[in-house]
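Just coords-v7.txt here, compact mmCIF, C-alpha atoms and all ligand atoms:
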# COMPACT_ATOMS: atom_id res chain seq x y z
CA MET A 188 -2.13 97.94 118.53
CA SER A 189 1.39 98.53 117.29
CA THR A 190 0.23 101.35 115.01
CA GLN A 191 -1.40 103.15 117.99
CA ASN A 192 1.73 102.81 120.11
CA SER A 193 4.04 104.22 117.46
CA GLU A 194 1.60 107.15 116.99
CA VAL A 195 1.77 107.92 120.75
CA ASP A 196 5.61 107.63 120.64
CA ARG A 197 5.85 110.13 117.79
CA GLN A 198 3.65 112.61 119.66
CA ALA A 199 5.73 112.26 122.84
CA VAL A 200 8.94 112.81 120.92
CA GLY A 201 7.41 115.86 119.25
CA TRP A 202 6.46 117.43 122.61
CA ALA A 203 9.84 116.67 124.10
CA MET A 204 11.57 118.41 121.19
CA ARG A 205 9.31 121.47 121.60
CA TRP A 206 10.22 121.66 125.33
CA ILE A 207 13.91 121.38 124.64
CA VAL A 208 13.85 124.06 121.95
CA GLY A 209 11.68 126.31 124.14
CA LEU A 210 14.01 125.88 127.13
CA ALA A 211 17.00 126.73 124.95
CA PHE A 212 15.30 129.95 123.81
CA LEU A 213 14.41 130.90 127.37
CA THR A 214 17.97 130.27 128.58
CA ALA A 215 19.40 132.30 125.71
CA PHE A 216 17.13 135.28 126.52
CA ALA A 217 17.76 134.92 130.24
CA VAL A 218 21.53 135.07 129.78
CA THR A 219 21.53 137.99 127.35
CA GLY A 220 18.98 139.77 129.53
CA GLY A 221 21.21 139.43 132.58
CA ILE A 222 18.81 137.20 134.51
CA LEU A 223 21.25 134.34 134.48
CA PRO A 224 24.89 135.56 134.87
CA ILE A 225 27.75 134.10 132.92
CA ILE A 226 30.37 133.30 135.52
CA PRO A 227 33.99 132.82 134.58
CA VAL A 228 35.38 129.58 135.89
CA SER A 229 38.89 129.99 137.08
CA ARG A 230 41.54 127.30 136.76
CA GLN A 231 41.26 126.49 140.43
CA GLY A 232 37.48 126.27 140.19
CA THR A 233 36.93 129.25 142.48
CA VAL A 234 34.64 131.99 141.24
CA GLN A 235 34.13 135.64 141.94
CA ARG A 236 30.39 135.79 142.24
CA PRO A 237 28.53 139.09 142.10
CA ALA A 238 26.78 139.62 145.41
CA ASN A 239 23.19 138.38 145.60
CA ARG A 240 23.22 136.89 142.12
CA PRO A 241 22.28 133.29 141.47
CA ILE A 242 25.06 130.98 140.44
CA PHE A 243 24.75 129.12 137.18
CA GLN A 244 28.12 127.50 137.06
CA ILE A 245 29.53 124.81 134.86
CA VAL A 246 32.82 123.57 136.18
CA LEU A 247 34.80 122.61 133.11
CA ASN A 248 37.83 121.37 134.92
CA THR A 249 38.36 120.11 138.40
CA PRO A 250 41.49 121.25 140.17
CA VAL A 251 44.22 118.65 140.09
CA PRO A 252 46.37 118.77 143.18
CA LEU A 253 49.98 119.46 142.25
CA PRO A 254 52.29 116.60 143.19
CA THR A 255 54.10 117.42 146.37
CA THR A 256 57.81 117.11 145.72
CA ILE A 257 59.88 116.05 148.68
CA PRO A 258 63.23 117.88 148.44
CA ALA A 259 65.84 115.23 147.68
CA THR A 260 68.70 115.12 150.11
CA PRO A 261 71.78 114.47 147.93
CA THR A 262 73.83 111.54 149.08
CA PRO A 263 77.40 112.83 149.39
CA HIS A 264 79.80 110.86 147.23
CA ILE A 265 82.53 109.28 149.31
CA PRO A 266 85.71 109.20 147.22
CA HIS A 267 87.13 105.72 146.79
CA VAL A 268 90.79 105.32 145.87
CA GLY A 269 93.36 102.55 145.82
CA ILE A 270 97.00 103.01 146.83
CA ILE A 271 99.53 100.39 145.76
CA ALA A 272 102.61 100.22 147.98
CA GLY A 273 105.07 99.34 145.24
CA HIS A 274 106.75 95.91 145.46
CA THR A 275 105.00 94.97 148.72
CA GLY A 276 104.14 91.30 148.90
CA SER A 277 106.44 90.70 145.95
CA ASP A 278 110.09 91.82 146.04
CA SER A 279 112.47 94.46 147.42
CA GLY A 280 112.48 96.74 144.37
CA ALA A 281 115.59 98.89 143.98
CA THR A 282 118.25 98.54 146.68
CA CYS A 283 121.12 100.69 147.92
CA PRO A 284 124.60 99.35 148.84
CA ASP A 285 123.85 99.95 152.52
CA GLY A 286 120.76 97.74 152.38
CA LEU A 287 118.08 100.43 151.98
CA GLN A 288 115.22 98.84 150.02
CA GLU A 289 112.70 100.58 147.81
CA VAL A 290 109.84 98.43 149.12
CA ASP A 291 110.32 99.85 152.64
CA ILE A 292 110.29 103.45 151.39
CA ASN A 293 107.15 102.77 149.33
CA ARG A 294 105.31 101.02 152.18
CA ASN A 295 106.11 103.81 154.63
CA ILE A 296 104.87 106.51 152.26
CA ALA A 297 101.81 104.54 151.10
CA GLN A 298 100.65 103.93 154.67
CA ARG A 299 100.90 107.66 155.40
CA VAL A 300 98.97 108.57 152.24
CA VAL A 301 96.23 106.10 153.18
CA ALA A 302 96.04 107.53 156.70
CA LEU A 303 95.80 111.11 155.38
CA LEU A 304 93.01 110.27 152.94
CA ARG A 305 91.05 108.15 155.41
CA LYS A 306 91.28 111.00 157.90
CA GLN A 307 89.12 113.07 155.58
CA GLY A 308 86.51 110.35 155.22
CA TRP A 309 87.62 108.70 151.98
CA GLN A 310 87.37 104.99 151.36
CA VAL A 311 90.96 103.91 150.72
CA ASP A 312 92.38 100.49 149.89
CA LEU A 313 96.04 99.83 150.66
CA LEU A 314 97.07 97.33 147.99
CA GLN A 315 100.09 95.14 147.40
CA GLU A 316 102.02 95.13 144.14
CA PHE A 317 100.18 92.11 142.73
CA ASP A 318 97.13 92.35 144.93
CA PRO A 319 94.33 89.98 143.82
CA ARG A 320 91.88 92.86 144.36
CA LEU A 321 93.41 94.63 141.34
CA ASP A 322 91.57 92.25 139.05
CA GLY A 323 88.68 94.38 137.74
CA TYR A 324 89.37 96.98 140.44
CA LYS A 325 86.79 99.79 140.47
CA ALA A 326 87.53 103.11 142.16
CA ASP A 327 87.69 106.85 141.52
CA ALA A 328 91.46 106.57 141.23
CA LEU A 329 94.32 104.12 141.62
CA LEU A 330 97.86 105.26 142.34
CA SER A 331 100.95 103.09 142.63
CA ILE A 332 103.82 104.45 144.71
CA HIS A 333 107.42 103.65 143.80
CA ALA A 334 110.89 105.17 144.24
CA ASP A 335 113.73 105.41 141.75
CA SER A 336 116.99 103.52 141.69
CA CYS A 337 119.94 104.12 144.00
CA ASN A 338 122.65 103.85 141.34
CA VAL A 339 122.41 107.18 139.48
CA PRO A 340 124.61 109.73 141.27
CA GLY A 341 123.61 113.35 140.65
CA LYS A 342 120.09 112.41 139.62
CA SER A 343 117.20 114.04 141.45
CA GLY A 344 113.50 114.49 140.72
CA PHE A 345 110.19 112.70 140.56
CA LYS A 346 107.79 111.68 137.81
CA VAL A 347 104.18 110.66 137.39
CA ALA A 348 102.80 108.74 134.43
CA SER A 349 99.65 106.96 133.30
CA ALA A 350 99.03 104.27 130.71
CA GLU A 351 100.21 105.04 127.18
CA SER A 352 96.71 104.16 125.98
CA GLY A 353 93.45 103.44 127.70
CA TYR A 354 89.78 104.21 128.19
CA ALA A 355 90.19 106.80 130.93
CA GLN A 356 92.93 108.88 129.30
CA ALA A 357 91.38 112.32 129.75
CA ALA A 358 90.88 111.68 133.45
CA GLU A 359 94.33 110.14 133.77
CA HIS A 360 96.03 113.13 132.16
CA ARG A 361 94.32 115.40 134.68
CA MET A 362 95.27 113.02 137.48
CA VAL A 363 98.91 113.09 136.40
CA ALA A 364 98.83 116.89 136.15
CA CYS A 365 97.24 117.22 139.60
CA ILE A 366 99.70 114.91 141.35
CA SER A 367 102.73 116.38 139.54
CA LYS A 368 101.78 119.96 140.42
CA ARG A 369 100.86 119.36 144.05
CA TYR A 370 103.78 117.01 144.68
CA GLU A 371 106.24 119.53 143.28
CA GLU A 372 104.69 122.31 145.39
CA ARG A 373 104.85 120.26 148.58
CA THR A 374 108.26 118.59 148.25
CA GLY A 375 110.21 121.09 146.13
CA LEU A 376 111.41 118.27 143.87
CA GLN A 377 111.50 118.88 140.13
CA PHE A 378 109.43 116.89 137.66
CA ASP A 379 111.79 114.75 135.58
CA PRO A 380 110.16 113.79 132.27
CA ASN A 381 113.31 112.27 130.78
CA THR A 382 113.40 109.02 132.70
CA ILE A 383 109.80 107.86 132.26
CA THR A 384 110.08 104.24 131.17
CA TYR A 385 107.77 101.51 129.91
CA ASP A 386 107.71 100.31 133.53
CA MET A 387 105.53 103.35 134.14
CA THR A 388 103.51 103.64 130.93
CA ARG A 389 102.91 99.90 130.59
CA TYR A 390 102.57 99.19 134.29
CA HIS A 391 100.98 95.80 134.90
CA ALA A 392 98.09 97.09 137.03
CA TYR A 393 96.70 99.14 134.10
CA TYR A 394 95.80 95.90 132.38
CA GLU A 395 94.22 94.27 135.43
CA ILE A 396 91.89 96.97 136.76
CA ASP A 397 88.47 98.01 135.44
CA HIS A 398 88.90 100.09 132.28
CA HIS A 399 87.06 103.04 133.78
CA THR A 400 89.32 103.38 136.82
CA PRO A 401 91.84 106.20 136.23
CA ALA A 402 95.27 104.95 137.22
CA ALA A 403 98.77 106.36 137.49
CA ILE A 404 102.15 105.60 138.99
CA ILE A 405 104.53 107.93 140.80
CA GLU A 406 108.27 107.60 141.27
CA THR A 407 108.63 109.72 144.38
CA GLY A 408 112.36 110.46 143.99
CA PHE A 409 115.78 108.88 143.57
CA MET A 410 116.97 106.74 146.44
CA LEU A 411 120.46 108.22 146.32
CA ASP A 412 120.20 111.99 145.88
CA ASP A 413 116.64 112.36 147.20
CA ARG A 414 117.20 109.94 150.05
CA GLU A 415 116.88 112.55 152.78
CA LEU A 416 113.39 113.50 151.60
CA LEU A 417 112.21 109.93 151.05
CA VAL A 418 113.55 108.50 154.30
CA GLU A 419 113.62 111.44 156.73
CA ARG A 420 110.53 113.35 155.60
CA PRO A 421 108.01 110.76 154.45
CA ASP A 422 105.16 112.87 155.83
CA VAL A 423 105.97 115.63 153.34
CA VAL A 424 106.11 113.10 150.51
CA ALA A 425 102.77 111.59 151.57
CA GLN A 426 101.17 115.02 151.91
CA GLY A 427 102.23 115.93 148.38
CA ILE A 428 100.62 112.76 147.01
CA ALA A 429 97.45 113.27 149.07
CA ASP A 430 97.24 116.88 147.85
CA GLY A 431 97.47 115.66 144.26
CA LEU A 432 94.74 113.07 144.72
CA LYS A 433 92.49 115.65 146.37
CA CYS A 434 93.08 117.99 143.41
CA PHE A 435 92.04 115.21 141.02
CA ILE A 436 89.02 113.96 142.97
CA ASN A 437 87.78 117.54 143.49
CA GLY A 438 87.77 118.01 139.71
CA GLU A 439 90.49 120.66 139.66
CA THR A 440 92.61 121.31 136.61
CA PRO A 441 95.99 122.60 137.76
ZN ZN B 1 109.63 100.26 141.94
Target format structure tokens, applied to this file:
Amino acid sequence: MSTQNSEVDRQAVGWAMRWIVGLAFLTAFAVTGGILPIIPVSRQGTVQRPANRPIFQIVLNTPVPLPTTIPATPTPHIPHVGIIAGHTGSDSGATCPDGLQEVDINRNIAQRVVALLRKQGWQVDLLQEFDPRLDGYKADALLSIHADSCNVPGKSGFKVASAESGYAQAAEHRMVACISKRYEERTGLQFDPNTITYDMTRYHAYYEIDHHTPAAIIETGFMLDDRELLVERPDVVAQGIADGLKCFINGETP
């Protein structure tokens, strides 16, 4: 019984092999004889078929639809800066014999700078001298506004300085350059590099804010000889500072 079955199986396999080989021969002759056309398969799977010819087509790849990319609408970056009105919430700062106080000059100018920058859509924080928000403060820039003493007759000029060392030094140097240049252009005051003190280069806020926040301090002028500018034309002073911050935030190198 089992011997007969295996004999039948062997015969069936033999016939099947003959058919397969025969079919392969026929196909080979048919193709070379032009009976069955070889049709190029394009990448997209579309074919240029000769008219009235049978199609013998093997699609080797199926078209993959390309991913549709939705054009990304860039979110505009809103500049975020902090303005410290020097000595506010703390003390009077420098004072003049007639009672003029530095803190009042600083507050007046700082408020105008904040208004100018907010007017162009920036996010601006008006900060006090020892504002609790300075702890770990993160922003695109931080500027502290001060004015120079009232007891140096014949002394005129402004200065801008950043920390003597820090993580954001490259940015801070550009920030100082921007504010110095634009402030000088706007106010006509001269930059005075000779009276930059540790009060400016080791300013307390540098050590409180986030290390990546570029920070600087400006002494807008002397309260005696530059008094007319500081007290009578605070809008010009504020515009010079705002111009400098715009220069920095816009990535300019003056
Ligand atoms: Zn001061």
Protein and nucleic acid residues within 8 Å of ligand ZN 1 (chain B) (all atoms listed in the file) as an MDAnalysis selection string: chainID A and resid 273:274 280:281 289:290 332:335 406
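Comparing A:Ala199, A:Met362, A:Ala326, A:Leu304 by their smallest distance to Val268 in chain A, the closest is A:Ala326 (using only C-alpha atoms).
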One decimal, Å: what's the distance from CA of Asn293 in chain A over to CA of Gly341 in chain A, could you say? 21.4 Å
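In this model, the gap between CA of Thr282 in chain A and CA of Val311 in chain A comes to 28.1 Å.
Proximity of A:Ala425, A:Met410, A:Leu287, A:Cys434 to Val300 in chain A, computed with all atoms listed in the file, is greatest for A:Ala425.
Note that CA of His391 in chain A and CA of Gly353 in chain A are 12.9 Å apart.
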